[in-house]
$ cat coords-v2.cif   # mmCIF, C-alpha atoms
data_upload
#
loop_
_atom_site.label_atom_id
_atom_site.label_comp_id
_atom_site.auth_asym_id
_atom_site.auth_seq_id
_atom_site.Cartn_x
_atom_site.Cartn_y
_atom_site.Cartn_z
CA MET R 193 0.00 0.00 0.00
CA ILE R 194 2.67 2.52 1.02
CA GLY R 195 5.28 1.13 -1.41
CA ASP R 196 2.88 0.86 -4.36
CA VAL R 197 3.66 1.43 -8.06
CA THR R 198 3.06 5.21 -7.91
CA THR R 199 5.50 5.67 -5.04
CA THR R 200 8.11 3.35 -6.57
CA THR R 201 7.82 5.05 -9.98
CA LEU R 202 8.27 8.50 -8.43
CA HIS R 203 11.19 7.16 -6.41
CA ALA R 204 12.80 5.80 -9.59
CA ALA R 205 12.23 9.16 -11.32
CA LEU R 206 13.82 11.03 -8.40
CA ALA R 207 16.82 8.69 -8.41
CA GLY R 208 17.25 9.16 -12.17
CA LEU R 209 16.91 12.93 -11.99
CA ALA R 210 19.36 13.11 -9.07
CA GLN R 211 21.83 11.07 -11.11
CA ARG R 212 21.33 13.42 -14.07
CA SER R 213 22.01 16.48 -11.94
CA ARG R 214 25.18 14.82 -10.60
CA VAL R 215 26.35 14.05 -14.14
CA THR R 216 25.56 17.63 -15.22
CA ALA R 217 27.52 18.99 -12.25
CA ASP R 218 30.40 16.72 -13.33
CA ASN R 219 30.18 18.04 -16.91
CA ILE R 220 30.28 21.65 -15.69
CA ALA R 221 33.17 20.88 -13.32
CA ASN R 222 35.08 19.49 -16.30
CA VAL R 223 34.13 22.28 -18.72
CA GLN R 224 37.84 23.07 -19.31
CA THR R 225 39.35 19.60 -18.86
CA PRO R 226 41.11 18.49 -22.05
CA GLY R 227 39.77 15.26 -23.56
CA PHE R 228 36.65 15.14 -21.40
CA LEU R 229 33.44 13.97 -23.08
CA ALA R 230 30.14 15.12 -21.57
CA GLY R 231 28.05 12.46 -19.81
CA ARG R 232 24.39 11.87 -20.62
CA THR R 233 21.97 10.08 -18.25
CA ASP R 234 19.05 7.97 -19.41
CA PHE R 235 16.58 6.47 -16.96
CA GLU R 236 13.32 7.23 -18.81
CA SER R 237 13.56 4.47 -21.43
CA SER R 238 14.08 1.62 -18.92
CA LEU R 239 11.41 3.09 -16.61
CA ARG R 240 8.96 3.28 -19.50
CA THR R 241 9.70 -0.32 -20.55
CA GLU R 242 9.20 -1.64 -17.03
CA LEU R 243 5.92 0.23 -16.56
CA ARG R 244 4.67 -0.99 -19.92
CA GLN R 245 5.41 -4.58 -18.90
CA GLY R 246 3.43 -4.03 -15.71
CA LYS R 247 6.46 -4.52 -13.46
CA ALA R 248 7.33 -2.45 -10.42
CA PRO R 249 10.20 -0.18 -11.55
CA THR R 250 13.70 -0.71 -10.21
CA VAL R 251 15.23 2.32 -8.51
CA SER R 252 18.67 2.50 -10.13
CA GLY R 253 19.47 5.98 -11.37
CA GLY R 254 19.67 4.93 -15.00
CA SER R 255 22.66 4.52 -17.29
CA ILE R 256 25.35 7.00 -18.31
CA ALA R 257 26.68 7.32 -21.86
CA ARG R 258 29.31 9.66 -23.30
CA SER R 259 28.13 12.38 -25.66
CA LEU R 260 29.19 11.91 -29.28
CA GLU R 261 28.92 15.59 -30.17
CA PRO R 262 31.91 17.09 -31.98
CA THR R 263 34.73 18.11 -29.68
CA ARG R 264 36.61 21.36 -29.41
CA GLU R 265 40.28 21.66 -30.25
CA ASP R 266 41.24 20.26 -26.82
CA GLY R 267 39.11 17.12 -27.22
CA ASN R 268 36.39 18.39 -24.86
CA ASN R 269 32.73 18.55 -25.95
CA VAL R 270 31.01 20.10 -22.92
CA ASN R 271 28.66 22.86 -24.04
CA LEU R 272 27.88 25.19 -21.15
CA ASP R 273 24.62 26.42 -22.73
CA SER R 274 23.07 22.96 -23.03
CA GLU R 275 24.39 21.90 -19.61
CA THR R 276 22.67 24.93 -18.05
CA VAL R 277 19.41 24.11 -19.82
CA ILE R 278 19.63 20.44 -18.72
CA ALA R 279 20.48 21.44 -15.15
CA THR R 280 17.55 23.87 -14.91
CA GLU R 281 15.11 21.42 -16.49
CA THR R 282 16.30 18.57 -14.27
CA GLY R 283 15.91 20.77 -11.18
CA LEU R 284 12.34 21.66 -12.11
CA ARG R 285 11.41 18.07 -12.92
CA TYR R 286 12.94 16.97 -9.61
CA GLN R 287 10.67 19.45 -7.79
CA LEU R 288 7.68 18.24 -9.81
CA ALA R 289 8.34 14.59 -8.85
CA LEU R 290 8.82 15.67 -5.22
CA ASN R 291 5.48 17.51 -5.26
CA ALA R 292 3.75 14.46 -6.72
CA LEU R 293 5.30 12.23 -4.04
CA ASP R 294 4.30 14.73 -1.40
CA GLY R 295 0.71 14.64 -2.72
CA LYS R 296 0.72 10.85 -2.58
CA TYR R 297 1.96 10.89 1.03
CA GLY R 298 -0.66 13.53 1.89
CA LEU R 299 -3.35 11.23 0.54
CA LEU R 300 -2.06 8.34 2.64
CA ARG R 301 -1.94 10.59 5.70
CA SER R 302 -5.56 11.66 5.36
CA ALA R 303 -6.58 8.02 4.84
CA LEU R 304 -4.78 7.13 8.07
CA ARG R 305 -6.47 9.98 9.95
CA THR R 306 -10.03 9.03 8.94
CA ALA R 307 -9.51 5.40 9.89
CA MET G 51 24.82 12.01 0.14
CA PHE G 52 25.20 15.50 -1.35
CA ASP G 53 27.35 14.37 -4.30
CA SER G 54 26.41 17.23 -6.63
CA LEU G 55 27.84 19.71 -4.15
CA ASP G 56 31.15 17.81 -3.92
CA ILE G 57 31.41 17.61 -7.71
CA SER G 58 30.74 21.33 -8.19
CA GLY G 59 33.09 22.01 -5.27
CA SER G 60 35.91 20.21 -7.08
CA GLY G 61 35.19 22.38 -10.15
CA LEU G 62 35.33 25.50 -7.99
CA SER G 63 38.62 24.41 -6.48
CA VAL G 64 40.27 23.65 -9.83
CA HIS G 65 39.20 26.98 -11.35
CA ARG G 66 40.30 28.80 -8.20
CA ARG G 67 43.75 27.16 -8.48
CA TRP G 68 43.89 28.11 -12.16
CA MET G 69 43.14 31.74 -11.25
CA ASP G 70 45.88 31.56 -8.58
CA ALA G 71 48.40 30.29 -11.16
CA VAL G 72 47.48 33.05 -13.62
CA SER G 73 47.73 35.70 -10.87
CA ASP G 74 51.16 34.38 -9.99
CA ASN G 75 52.24 34.59 -13.64
CA ILE G 76 50.96 38.16 -13.97
CA ALA G 77 52.51 39.20 -10.66
CA ASN G 78 55.90 38.00 -11.93
CA ILE G 79 55.57 39.32 -15.46
CA ASN G 80 58.31 41.89 -14.81
CA THR G 81 60.47 39.79 -12.51
CA VAL G 82 64.05 40.29 -13.66
CA SER G 83 66.83 37.75 -13.32
CA SER G 84 70.47 37.89 -14.37
CA SER G 85 71.34 36.78 -17.89
CA ASP G 86 73.20 33.64 -16.68
CA GLY G 87 70.16 32.45 -14.66
CA GLU G 88 66.68 31.32 -15.69
CA ALA G 89 63.77 33.68 -16.13
CA PHE G 90 60.54 33.24 -14.12
CA LYS G 91 58.68 30.28 -15.62
CA GLU G 92 54.99 30.55 -16.46
CA ARG G 93 52.92 28.09 -14.40
CA MET G 94 50.09 26.14 -16.06
CA VAL G 95 47.75 23.88 -14.09
CA VAL G 96 46.72 20.55 -15.61
CA ALA G 97 43.08 19.59 -15.01
CA GLN G 98 42.03 15.93 -15.01
CA ALA G 99 38.59 14.33 -14.72
CA VAL G 100 38.25 12.19 -11.57
CA ASP G 101 37.18 8.59 -12.15
CA TYR G 102 36.43 9.32 -15.77
CA GLY G 103 33.66 7.17 -17.25
CA SER G 104 31.71 6.46 -14.08
CA GLY G 105 29.86 9.74 -14.44
CA GLU G 106 30.36 10.79 -10.86
CA GLY G 107 33.62 12.27 -9.77
CA GLY G 108 34.34 15.84 -10.65
CA VAL G 109 37.73 17.25 -11.53
CA ARG G 110 41.14 17.57 -9.91
CA ILE G 111 44.51 19.20 -10.50
CA ALA G 112 46.79 16.51 -11.95
CA GLY G 113 49.90 18.67 -11.67
CA ALA G 114 51.58 21.76 -12.99
CA GLU G 115 53.50 22.34 -16.18
CA PHE G 116 56.07 25.08 -16.47
CA GLY G 117 56.84 27.28 -19.42
CA SER G 118 60.30 27.98 -20.76
CA GLY G 119 62.87 29.62 -18.49
CA GLU G 120 64.66 31.11 -21.46
CA GLY G 121 62.72 34.38 -21.41
CA ARG G 122 64.09 37.30 -23.39
CA LEU G 123 67.23 39.37 -22.96
CA VAL G 124 66.72 43.09 -22.47
CA HIS G 125 69.46 45.69 -22.59
CA GLU G 126 69.37 47.56 -19.24
CA PRO G 127 72.95 48.54 -18.36
CA ASP G 128 71.89 50.44 -15.21
CA HIS G 129 70.16 47.42 -13.69
CA PRO G 130 72.02 45.94 -10.69
CA LEU G 131 71.65 42.41 -12.17
CA ALA G 132 72.97 43.42 -15.61
CA ASP G 133 75.90 41.40 -16.98
CA ASP G 134 79.09 42.85 -18.50
CA GLU G 135 77.31 43.66 -21.75
CA GLY G 136 74.36 45.24 -19.91
CA TYR G 137 71.75 42.52 -20.42
CA VAL G 138 69.14 41.17 -17.98
CA ARG G 139 66.59 38.39 -18.46
CA TYR G 140 62.82 38.98 -18.44
CA PRO G 141 60.20 36.21 -18.48
CA ASP G 142 58.55 35.67 -21.87
CA ILE G 143 54.93 35.77 -20.64
CA ASP G 144 52.22 37.19 -22.87
CA LEU G 145 49.81 39.37 -20.86
CA GLY G 146 47.01 38.97 -23.42
CA ASP G 147 47.24 35.19 -23.11
CA GLN G 148 47.18 35.41 -19.30
CA MET G 149 44.15 37.70 -19.31
CA THR G 150 42.30 35.29 -21.64
CA GLN G 151 43.07 32.41 -19.29
CA LEU G 152 41.93 34.51 -16.32
CA MET G 153 38.57 35.13 -18.02
CA MET G 154 38.16 31.41 -18.81
CA ALA G 155 38.97 30.40 -15.24
CA GLN G 156 36.62 33.05 -13.86
CA ARG G 157 33.73 31.99 -16.10
CA GLY G 158 34.30 28.32 -15.23
CA TYR G 159 34.24 29.26 -11.55
CA GLN G 160 30.95 31.11 -12.00
CA ALA G 161 29.39 28.18 -13.89
CA ASN G 162 30.29 25.83 -11.03
CA LEU G 163 28.93 28.30 -8.48
CA ALA G 164 25.61 28.32 -10.36
CA SER G 165 25.65 24.49 -10.16
CA VAL G 166 26.08 24.67 -6.38
CA GLU G 167 23.07 26.98 -6.10
CA ARG G 168 20.90 24.71 -8.27
CA ALA G 169 21.87 21.61 -6.25
CA THR G 170 21.13 23.44 -3.00
CA THR G 171 17.62 24.34 -4.21
CA ALA G 172 16.90 20.69 -5.16
CA TYR G 173 18.23 19.33 -1.85
CA GLN G 174 16.25 21.88 0.12
CA ALA G 175 13.07 20.88 -1.72
CA ALA G 176 13.80 17.20 -0.96
CA LEU G 177 14.20 18.03 2.74
CA GLN G 178 10.66 19.45 2.77
CA LEU G 179 9.22 16.09 1.68
CA GLY G 180 6.56 14.70 4.04
CA LYS G 181 6.16 17.92 6.01
CA GLY G 182 3.01 19.10 4.25
#

$ encode --input "coords-v2.cif" --output "structure tokens"
Amino acid sequence: MIGDVTTTTLHAALAGLAQRSRVTADNIANVQTPGFLAGRTDFESSLRTELRQGKAPTVSGGSIARSLEPTREDGNNVNLDSETVIATETGLRYQLALNALDGKYGLLRSALRTA
Amino acid sequence: MFDSLDISGSGLSVHRRWMDAVSDNIANINTVSSSDGEAFKERMVVAQAVDYGSGEGGVRIAGAEFGSGEGRLVHEPDHPLADDEGYVRYPDIDLGDQMTQLMMAQRGYQANLASVERATTAYQAALQLGKG
């Protein structure tokens, strides 16, 4: 009841988004490091597959791949503009998932009170 | 626990050290040595990704590289360090190059600082969970 699919899905989303913000922070920290390739996080595709198959999602944080975008002269391909956009979007989506989880917990709390 | 903050912190530290190195180079841009010694050598920090490939790590200073100590000979016969022919050695550091590096280090520092602020907002929101 408390650990149902909604809660687990939101938990998986939060873990994935947290991982993405870590990877973005890593990309920005290495914005001037020669030879560094930007990391990209994907948790949505596995989450979608699991939900479609009717399974309870696994909370893993997703997988990280290296960006194949063209590199600069120093072998680095971190683009500060796109990292900023990703970081802002990830932050907002994190808050959205938190609000949804909060709403779910609120629902459970009122159910517990009326009992 | 608060990994994003550590990662951005490592970025801040590396860019800070880079700014320090550039300041040191600029501070010594007119440091004179005698013609039989070496000129002040430009210091360049080498950044390296920590634990590259795992996606969580940040960045660190792998070491420092030094520029040439050859410098350039300048004719200043009145200088106390001047040799018999009146020459002293100045470092061959380009101020324009140093200023460009200073700007890059400063912008990198600011980008990491913005990361810290974003991570703080997310963590603070997470700490409010279940209070409503």

$ resolve_selection --input "coords-v2.cif" --expression "the PyMOL selection byres ((chain G) within 6 of (chain R))" --output "number ranges by chain"
G: 54, 57-58, 61, 97-98, 105, 108-109, 179-180

$ residues_around --input "coords-v2.cif" --residues "Leu131 (chain G)" --least-positions-apart "2" --cutoff "7 Å" --atoms "all atoms listed in the file" --output "PyMOL selection string"
chain G and resi 83-84+129+133+138

$ atom_distance --input "coords-v2.cif" --atom1 "CA of Gly121 (chain G)" --atom2 "CA of Tyr140 (chain G)"
5.5 Å

$ resolve_selection --input "coords-v2.cif" --expression "the PyMOL selection byres ((chain G and resi 73) around 12)" --output "list of chain:residue names"
G:Arg66, G:Arg67, G:Trp68, G:Met69, G:Asp70, G:Ala71, G:Val72, G:Asp74, G:Asn75, G:Ile76, G:Ala77, G:Asn78, G:Ile79, G:Glu92, G:Arg93, G:Met94, G:Leu145, G:Gln148, G:Met149, G:Gln151, G:Leu152, G:Met153, G:Ala155, G:Gln156

$ closest_residue --input "coords-v2.cif" --among "R:Gln245, R:Thr250, R:Asn269, R:Ser259" --to "Thr199 (chain R)" --atoms "all atoms listed in the file"
R:Thr250

$ closest_residue --input "coords-v2.cif" --among "G:Ala114, G:Ala132, G:Val100, G:Met154" --to "His65 (chain G)" --atoms "only C-alpha atoms"
G:Met154

$ atom_distance --input "coords-v2.cif" --atom1 "CA of Asp56 (chain G)" --atom2 "CA of Thr200 (chain R)"
27.3 Å

$ residues_around --input "coords-v2.cif" --residues "Gly195 (chain R)" --least-positions-apart "6" --cutoff "10 Å" --atoms "all atoms listed in the file" --output "ChimeraX atom specification"
/R:201,203,248

$ residues_near_point --input "coords-v2.cif" --point "(19.0, 5.1, -10.1)" --cutoff "7 Å" --atoms "all atoms listed in the file" --output "PyMOL selection string"
chain R and resi 204+207-208+211+251-254
